[in-house]
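Shown below: upload.txt, with compact mmCIF, C-alpha atoms.
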```txt
# COMPACT_ATOMS: atom_id res chain seq x y z
CA MET V 8 88.41 -22.11 -63.70
CA THR V 9 84.99 -23.81 -64.07
CA ASP V 10 81.88 -22.54 -62.28
CA GLY V 11 81.95 -25.63 -60.04
CA CYS V 12 85.51 -24.98 -58.97
CA VAL V 13 84.68 -21.34 -58.28
CA VAL V 14 81.85 -22.38 -55.94
CA ILE V 15 84.05 -24.88 -54.04
CA TRP V 16 86.89 -22.37 -53.75
CA THR V 17 84.49 -19.69 -52.52
CA VAL V 18 83.09 -22.01 -49.86
CA PHE V 19 86.61 -22.90 -48.74
CA LEU V 20 87.63 -19.26 -48.51
CA LEU V 21 84.49 -18.29 -46.60
CA SER V 22 84.86 -21.10 -44.06
CA SER V 23 88.54 -20.25 -43.59
CA VAL V 24 88.04 -16.49 -43.27
CA MET V 25 84.86 -16.58 -41.19
CA GLY V 26 86.12 -19.39 -39.00
CA TYR V 27 82.71 -20.86 -38.24
CA LYS V 28 82.63 -23.02 -35.14
CA PRO V 29 81.60 -26.68 -35.47
CA VAL V 30 77.90 -27.40 -34.92
CA ILE V 31 76.72 -30.51 -33.12
CA ILE V 32 73.07 -31.56 -33.44
CA VAL V 33 71.43 -33.88 -30.93
CA HIS V 34 68.08 -35.40 -31.89
CA GLY V 35 64.99 -35.90 -29.76
CA ILE V 36 62.88 -38.84 -28.76
CA LEU V 37 61.92 -41.35 -31.47
CA ASP V 38 63.86 -39.64 -34.23
CA GLY V 39 67.41 -39.54 -35.59
CA PRO V 40 69.82 -37.81 -37.98
CA ARG V 41 67.54 -38.12 -41.02
CA GLN V 42 65.05 -35.66 -39.51
CA PHE V 43 67.76 -32.98 -39.30
CA GLU V 44 68.97 -32.93 -42.90
CA ILE V 45 67.02 -29.73 -43.63
CA LEU V 46 68.49 -27.99 -40.58
CA ALA V 47 72.02 -28.99 -41.65
CA LYS V 48 71.25 -27.59 -45.12
CA PHE V 49 70.08 -24.29 -43.59
CA ILE V 50 73.33 -24.04 -41.64
CA ASN V 51 75.57 -24.67 -44.62
CA GLN V 52 73.63 -22.21 -46.75
CA SER V 53 74.09 -19.33 -44.30
CA HIS V 54 77.47 -20.43 -42.91
CA PRO V 55 79.28 -22.16 -45.81
CA GLY V 56 81.81 -24.76 -44.87
CA THR V 57 80.57 -25.24 -41.31
CA ASN V 58 81.37 -28.67 -39.90
CA VAL V 59 77.90 -29.95 -38.94
CA THR V 60 77.67 -33.26 -37.08
CA THR V 61 74.29 -34.83 -36.39
CA LEU V 62 75.00 -37.58 -33.91
CA ALA V 63 73.63 -41.02 -34.76
CA LEU V 64 73.29 -42.40 -31.26
CA TYR V 65 70.29 -43.74 -29.37
CA ASP V 66 68.03 -42.88 -32.27
CA TYR V 67 64.42 -43.93 -32.82
CA THR V 68 63.43 -46.65 -30.30
CA GLY V 69 66.90 -46.41 -28.75
CA SER V 70 65.95 -42.95 -27.53
CA MET V 71 63.77 -44.59 -24.89
CA LYS V 72 66.83 -45.76 -22.97
CA PRO V 73 67.43 -44.07 -19.58
CA LEU V 74 68.88 -40.58 -19.98
CA TRP V 75 72.03 -41.10 -17.94
CA GLN V 76 72.92 -44.01 -20.22
CA GLN V 77 72.37 -41.79 -23.25
CA VAL V 78 74.38 -38.97 -21.67
CA ASP V 79 77.35 -41.31 -21.30
CA GLY V 80 77.21 -42.22 -24.99
CA PHE V 81 76.66 -38.71 -26.30
CA ARG V 82 79.40 -37.31 -24.07
CA GLU V 83 81.97 -39.67 -25.57
CA ALA V 84 80.89 -38.64 -29.07
CA ILE V 85 80.86 -34.90 -28.30
CA ARG V 86 84.12 -34.74 -26.33
CA PRO V 87 86.51 -35.29 -29.30
CA ILE V 88 84.68 -32.70 -31.42
CA MET V 89 85.11 -30.16 -28.62
CA GLU V 90 88.76 -31.11 -28.18
CA SER V 91 89.41 -30.58 -31.89
CA THR V 92 88.78 -26.84 -31.68
CA ASP V 93 90.04 -24.08 -29.39
CA ASP V 94 87.24 -21.70 -30.39
CA GLY V 95 84.39 -23.78 -29.00
CA VAL V 96 81.34 -25.43 -30.53
CA HIS V 97 77.65 -24.74 -30.98
CA LEU V 98 75.15 -27.33 -29.74
CA ILE V 99 71.64 -27.51 -31.20
CA CYS V 100 69.57 -29.94 -29.16
CA PHE V 101 65.97 -30.81 -29.97
CA SER V 102 63.23 -31.87 -27.55
CA GLN V 103 64.50 -34.65 -25.26
CA GLY V 104 67.93 -33.99 -26.78
CA GLY V 105 68.01 -30.69 -24.90
CA LEU V 106 67.96 -32.54 -21.60
CA ILE V 107 70.66 -34.89 -22.86
CA CYS V 108 72.84 -31.93 -23.83
CA ARG V 109 72.39 -30.42 -20.39
CA GLY V 110 73.48 -33.71 -18.83
CA VAL V 111 76.50 -33.91 -21.13
CA LEU V 112 77.65 -30.38 -20.30
CA ALA V 113 77.04 -30.89 -16.58
CA THR V 114 79.42 -33.82 -16.63
CA LEU V 115 82.05 -32.23 -18.88
CA PRO V 116 83.70 -29.70 -16.55
CA THR V 117 86.02 -28.35 -19.26
CA HIS V 118 83.48 -28.19 -22.09
CA ASN V 119 83.71 -25.35 -24.60
CA ALA V 120 80.07 -24.89 -25.59
CA HIS V 121 79.83 -21.41 -27.04
CA SER V 122 76.11 -21.52 -27.80
CA LEU V 123 73.67 -24.04 -26.36
CA ILE V 124 70.53 -23.82 -28.48
CA LEU V 125 67.64 -25.76 -26.98
CA LEU V 126 64.91 -26.33 -29.52
CA SER V 127 61.53 -27.03 -27.90
CA SER V 128 62.93 -29.03 -25.00
CA PRO V 129 61.00 -30.02 -21.83
CA LEU V 130 63.53 -28.21 -19.66
CA ALA V 131 61.31 -27.99 -16.59
CA GLY V 132 59.63 -31.31 -17.25
CA GLN V 133 56.72 -32.80 -19.15
CA TYR V 134 53.14 -33.28 -18.01
CA GLY V 135 50.68 -34.04 -20.75
CA VAL V 136 50.09 -35.82 -24.05
CA LEU V 137 50.03 -39.18 -22.27
CA VAL V 138 47.53 -40.23 -19.57
CA SER V 139 48.72 -37.51 -17.21
CA SER V 140 46.90 -38.28 -14.00
CA ARG V 141 47.99 -41.93 -13.82
CA LEU V 142 51.44 -42.06 -15.35
CA TYR V 143 53.21 -41.21 -12.10
CA HIS V 144 52.25 -44.66 -10.76
CA PHE V 145 54.72 -46.11 -13.26
CA CYS V 146 57.22 -43.30 -13.79
CA TYR V 147 57.99 -42.80 -10.12
CA THR V 148 59.27 -46.34 -9.66
CA THR V 149 62.68 -47.90 -10.18
CA CYS V 150 61.37 -49.64 -13.28
CA GLY V 151 59.84 -46.43 -14.65
CA GLN V 152 63.05 -44.49 -14.27
CA ARG V 153 64.63 -46.88 -16.78
CA ILE V 154 62.59 -45.22 -19.55
CA SER V 155 63.69 -41.82 -20.82
CA ILE V 156 60.41 -39.93 -20.66
CA CYS V 157 59.95 -40.92 -17.02
CA ASN V 158 63.29 -39.26 -16.25
CA TYR V 159 61.61 -35.89 -16.87
CA TRP V 160 57.97 -36.66 -16.13
CA ASN V 161 57.04 -33.90 -13.67
CA ASP V 162 53.57 -34.38 -12.20
CA PRO V 163 52.66 -31.10 -10.45
CA HIS V 164 50.17 -32.99 -8.26
CA GLN V 165 52.77 -35.50 -7.06
CA ARG V 166 55.59 -33.20 -6.07
CA GLU V 167 56.96 -35.30 -3.20
CA ARG V 168 56.94 -38.48 -5.27
CA TYR V 169 58.74 -36.68 -8.10
CA LEU V 170 61.49 -35.38 -5.83
CA ASN V 171 61.94 -38.76 -4.15
CA SER V 172 61.98 -40.73 -7.40
CA SER V 173 63.53 -38.58 -10.12
CA ILE V 174 67.09 -39.66 -10.92
CA TYR V 175 67.60 -37.11 -13.68
CA LEU V 176 65.63 -33.88 -14.04
CA ALA V 177 65.30 -33.07 -10.34
CA LEU V 178 69.07 -33.37 -9.98
CA LEU V 179 69.82 -31.44 -13.16
CA ASN V 180 67.60 -28.53 -12.15
CA GLY V 181 68.93 -28.43 -8.61
CA GLU V 182 65.56 -29.30 -7.12
CA ILE V 183 67.30 -31.66 -4.72
CA GLU V 184 70.78 -31.35 -3.25
CA HIS V 185 73.41 -33.83 -4.35
CA ALA V 186 77.17 -34.25 -4.24
CA ASN V 187 77.70 -32.86 -7.75
CA SER V 188 75.55 -29.73 -7.40
CA THR V 189 78.44 -27.25 -7.30
CA ALA V 190 80.44 -28.91 -10.08
CA TRP V 191 77.40 -29.10 -12.37
CA ARG V 192 76.58 -25.45 -11.68
CA ASP V 193 80.13 -24.44 -12.56
CA SER V 194 79.88 -26.39 -15.81
CA PHE V 195 76.55 -24.75 -16.68
CA LEU V 196 78.10 -21.31 -16.20
CA ARG V 197 80.72 -22.08 -18.86
CA ILE V 198 78.00 -21.73 -21.52
CA GLN V 199 78.49 -18.44 -23.38
CA THR V 200 74.96 -18.12 -24.79
CA LEU V 201 71.85 -20.13 -23.88
CA VAL V 202 69.08 -19.93 -26.48
CA LEU V 203 65.62 -21.19 -25.47
CA ILE V 204 63.19 -21.78 -28.34
CA GLY V 205 59.53 -22.77 -28.09
CA GLY V 206 55.99 -21.69 -28.79
CA GLN V 207 52.31 -21.85 -27.94
CA ASP V 208 51.36 -24.16 -30.81
CA ASP V 209 53.96 -26.85 -30.17
CA GLY V 210 51.31 -29.42 -29.32
CA VAL V 211 53.65 -31.87 -27.55
CA ILE V 212 55.73 -30.13 -24.88
CA THR V 213 53.29 -29.54 -22.03
CA PRO V 214 53.15 -26.94 -20.81
CA TRP V 215 54.85 -25.39 -23.82
CA GLU V 216 56.50 -22.92 -21.43
CA SER V 217 58.69 -25.77 -20.20
CA SER V 218 60.80 -25.01 -23.28
CA ILE V 219 61.64 -21.65 -21.68
CA PHE V 220 61.93 -23.07 -18.13
CA GLY V 221 58.34 -22.34 -17.05
CA PHE V 222 56.15 -25.01 -15.48
CA TYR V 223 52.88 -25.77 -13.70
CA ASP V 224 52.23 -25.25 -10.02
CA SER V 225 49.89 -27.62 -8.18
CA ASN V 226 46.88 -25.83 -9.71
CA GLU V 227 48.28 -26.30 -13.22
CA THR V 228 48.91 -22.57 -13.49
CA VAL V 229 52.14 -21.89 -15.35
CA VAL V 230 54.85 -20.25 -13.24
CA GLU V 231 57.40 -18.45 -15.41
CA MET V 232 61.11 -19.17 -15.25
CA GLU V 233 61.99 -16.12 -13.18
CA LYS V 234 59.57 -17.16 -10.42
CA GLN V 235 60.59 -20.80 -10.15
CA ASP V 236 62.11 -21.74 -6.80
CA TRP V 237 65.26 -23.23 -8.31
CA TYR V 238 65.75 -20.04 -10.37
CA LEU V 239 65.36 -17.77 -7.35
CA ARG V 240 67.90 -19.92 -5.46
CA ASP V 241 70.13 -19.93 -8.55
CA ALA V 242 70.41 -23.66 -7.95
CA PHE V 243 72.18 -24.53 -11.21
CA GLY V 244 73.31 -21.11 -12.41
CA LEU V 245 70.41 -20.05 -14.65
CA LYS V 246 69.77 -16.85 -12.70
CA THR V 247 73.43 -15.86 -12.94
CA LEU V 248 73.57 -16.61 -16.67
CA ASN V 249 70.39 -14.58 -17.20
CA SER V 250 71.72 -11.64 -15.16
CA GLU V 251 74.75 -11.58 -17.47
CA GLY V 252 72.51 -11.26 -20.52
CA ALA V 253 73.50 -14.71 -21.74
CA VAL V 254 69.97 -16.21 -21.85
CA VAL V 255 67.88 -15.58 -24.96
CA LYS V 256 64.23 -16.60 -25.35
CA CYS V 257 62.76 -16.99 -28.83
CA VAL V 258 59.02 -17.69 -28.81
CA VAL V 259 57.38 -18.47 -32.15
CA ARG V 260 53.70 -19.12 -32.84
CA GLY V 261 52.34 -21.53 -35.41
CA VAL V 262 55.05 -24.20 -35.22
CA HIS V 263 54.20 -27.82 -34.38
CA HIS V 264 56.68 -29.84 -32.37
CA THR V 265 57.97 -31.93 -35.27
CA SER V 266 58.52 -28.87 -37.47
CA TRP V 267 60.91 -26.78 -35.37
CA HIS V 268 64.07 -28.06 -37.04
CA SER V 269 62.75 -27.72 -40.60
CA ASN V 270 61.11 -24.30 -40.29
CA HIS V 271 63.24 -21.67 -42.04
CA THR V 272 61.65 -18.78 -40.14
CA VAL V 273 62.63 -20.41 -36.84
CA TYR V 274 66.14 -20.97 -38.16
CA LYS V 275 66.53 -17.41 -39.43
CA ASN V 276 65.06 -15.67 -36.37
CA CYS V 277 66.17 -17.93 -33.54
CA ILE V 278 69.26 -19.92 -34.56
CA ASP V 279 71.25 -18.40 -37.41
CA LYS V 280 72.69 -15.41 -35.56
CA TRP V 281 74.16 -17.58 -32.81
CA LEU V 282 76.24 -19.78 -35.12
CA THR V 283 79.11 -17.35 -35.70
```

Could you rewrite the structure in this file as structure tokens?
Amino acid sequence: MTDGCVVIWTVFLLSSVMGYKPVIIVHGILDGPRQFEILAKFINQSHPGTNVTTLALYDYTGSMKPLWQQVDGFREAIRPIMESTDDGVHLICFSQGGLICRGVLATLPTHNAHSLILLSSPLAGQYGVLVSSRLYHFCYTTCGQRISICNYWNDPHQRERYLNSSIYLALLNGEIEHANSTAWRDSFLRIQTLVLIGGQDDGVITPWESSIFGFYDSNETVVEMEKQDWYLRDAFGLKTLNSEGAVVKCVVRGVHHTSWHSNHTVYKNCIDKWLT
């Protein structure tokens, strides 16, 4: 048997014996599958034979489409992968993709997400990078809500406008009551492990603590996840999941926003162990 055949046979045996779950990668804003080739390589090096799918939907400028539209498309791509396995799947969702994955799982009541790994995602919203003090004039309009970033623009000085205008994040985080609140909460609680990854040197997600569900109050002081109103009310199930030990935070310094998915230290310390 040649060396090449030995390698292929070894990979086959490992994937069969270890039974690695499929991994689905969802990109962020203004990028696509090409940016995740290194991450896919990391996965197949440490978990040989893993079926890794980086979804090529709404990539690059298409990622500016409204999030509910993107959720519909990603859900139809993710559903058959989930249905193909009884053991569940792992989702790795980067930046804006983390919010898309949350929308997909909320609207898939029988999903089998084993690990939901959210890589530097604006989970509690975004306020910064752009012209912060004025952007609400556009984002909190019907027209503004047709652009993805406005679906999670959370101006801490315009709380009432945000709650009255947000058609995505405020609903997803249970900040306002809606007809699907209970069903979405039940779907969220089907997640076996929720991994939140972010860091102080991200440079894009603002505040960076949004990647671990922290956010500004009206004085722009960061309020940590455990003190957020929607957490205390357990509005979408995060408090319950955390009380069960199913929420993991992985904070890493020295990583810029565009480098999270290609940084081997981040992969080894924050992602690798959850892909079994």

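Minimum atom-to-atom distance to Gly206 (chain V), evaluated using all atoms listed in the file, belongs to V:Arg260 out of V:Arg260, V:His121, V:His268, V:Arg41.
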
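Each of V:Ser155, V:Gln165, V:Ser70, V:Gln133 was checked against Ile36 (chain V) using all atoms listed in the file; the smallest atom-to-atom distance is that of V:Ser70.
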
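Distance-wise, CA of Ala177 (chain V) and CA of Trp160 (chain V) end up 10.0 Å apart.
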
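CA of Gly181 (chain V) is positioned 18.7 Å from CA of Ile156 (chain V).
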
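Minimum atom-to-atom distance to Phe101 (chain V), evaluated using only C-alpha atoms, belongs to V:Ser218 out of V:Ser53, V:Gln77, V:Ser218, V:Asn249.
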
Spatial neighbours of Ile107 (chain V), 12 Å, all atoms listed in the file, chain gap at least 5 places, as a compact mmCIF listing (two decimals) with C-alpha atoms, keeping the file's coordinate frame:
```txt
# COMPACT_ATOMS: atom_id res chain seq x y z
CA ILE V 32 73.07 -31.56 -33.44
CA VAL V 33 71.43 -33.88 -30.93
CA HIS V 34 68.08 -35.40 -31.89
CA GLY V 35 64.99 -35.90 -29.76
CA ILE V 36 62.88 -38.84 -28.76
CA LEU V 64 73.29 -42.40 -31.26
CA TYR V 65 70.29 -43.74 -29.37
CA SER V 70 65.95 -42.95 -27.53
CA LYS V 72 66.83 -45.76 -22.97
CA PRO V 73 67.43 -44.07 -19.58
CA LEU V 74 68.88 -40.58 -19.98
CA TRP V 75 72.03 -41.10 -17.94
CA GLN V 76 72.92 -44.01 -20.22
CA GLN V 77 72.37 -41.79 -23.25
CA VAL V 78 74.38 -38.97 -21.67
CA ASP V 79 77.35 -41.31 -21.30
CA GLY V 80 77.21 -42.22 -24.99
CA PHE V 81 76.66 -38.71 -26.30
CA ARG V 82 79.40 -37.31 -24.07
CA ILE V 85 80.86 -34.90 -28.30
CA LEU V 98 75.15 -27.33 -29.74
CA ILE V 99 71.64 -27.51 -31.20
CA CYS V 100 69.57 -29.94 -29.16
CA PHE V 101 65.97 -30.81 -29.97
CA SER V 102 63.23 -31.87 -27.55
CA LEU V 112 77.65 -30.38 -20.30
CA ALA V 113 77.04 -30.89 -16.58
CA THR V 114 79.42 -33.82 -16.63
CA LEU V 123 73.67 -24.04 -26.36
CA LEU V 125 67.64 -25.76 -26.98
CA SER V 128 62.93 -29.03 -25.00
CA PRO V 129 61.00 -30.02 -21.83
CA LEU V 130 63.53 -28.21 -19.66
CA SER V 155 63.69 -41.82 -20.82
CA ILE V 156 60.41 -39.93 -20.66
CA ASN V 158 63.29 -39.26 -16.25
CA TYR V 159 61.61 -35.89 -16.87
CA TYR V 175 67.60 -37.11 -13.68
CA LEU V 176 65.63 -33.88 -14.04
CA LEU V 179 69.82 -31.44 -13.16
```

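Across the structure, CA of Gly69 (chain V) and CA of Ile45 (chain V) are spaced 22.4 Å apart.
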
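Comparing the minimum interatomic distances between Cys157 (chain V) and each of V:Asn180, V:Thr117, V:Gln103, V:Thr189, counting all atoms listed in the file, we find that V:Gln103 sits nearest.
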
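When only C-alpha atoms are used to compute distances to Lys28 (chain V), the closest of the residues V:Phe222, V:Leu282, V:Gly252, V:Asp208 turns out to be V:Leu282.
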
**Complete:** Among V:Gly151, V:Gly244, V:Gly221, V:Gly95, Leu203 (chain V) is approached most closely, using only C-alpha atoms, by V:Gly221

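Within 9 Å of the file-frame point (54.2, -32.6, -35.5), and using all atoms listed in the file, the polymer residues found are Asp209, Gly210, Val211, Val262, His263, His264, Thr265, Ser266 and Trp267 of chain V.
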
Neighbour list for Val30 (chain V) as a PDB file with C-alpha atoms, keeping the file's coordinate frame, cut-off 6 Å, all atoms listed in the file, skip fewer than 2 positions in-chain:
```
ATOM      1  CA  VAL V  59      77.900 -29.950 -38.940  1.00  0.00           C
ATOM      2  CA  VAL V  96      81.340 -25.430 -30.530  1.00  0.00           C
ATOM      3  CA  HIS V  97      77.650 -24.740 -30.980  1.00  0.00           C
ATOM      4  CA  LEU V  98      75.150 -27.330 -29.740  1.00  0.00           C
TER       5      LEU V  98
END
```

So that all listed atoms of region 152-169 of chain V fit with 4 Å spare on each side, what axis-aligned box centre and edge lengths in Å, to one decimal, would you give as JSON?
```
{"center_x": 57.4, "center_y": -39.0, "center_z": -12.0, "size_x": 22.5, "size_y": 23.8, "size_z": 25.6}
```
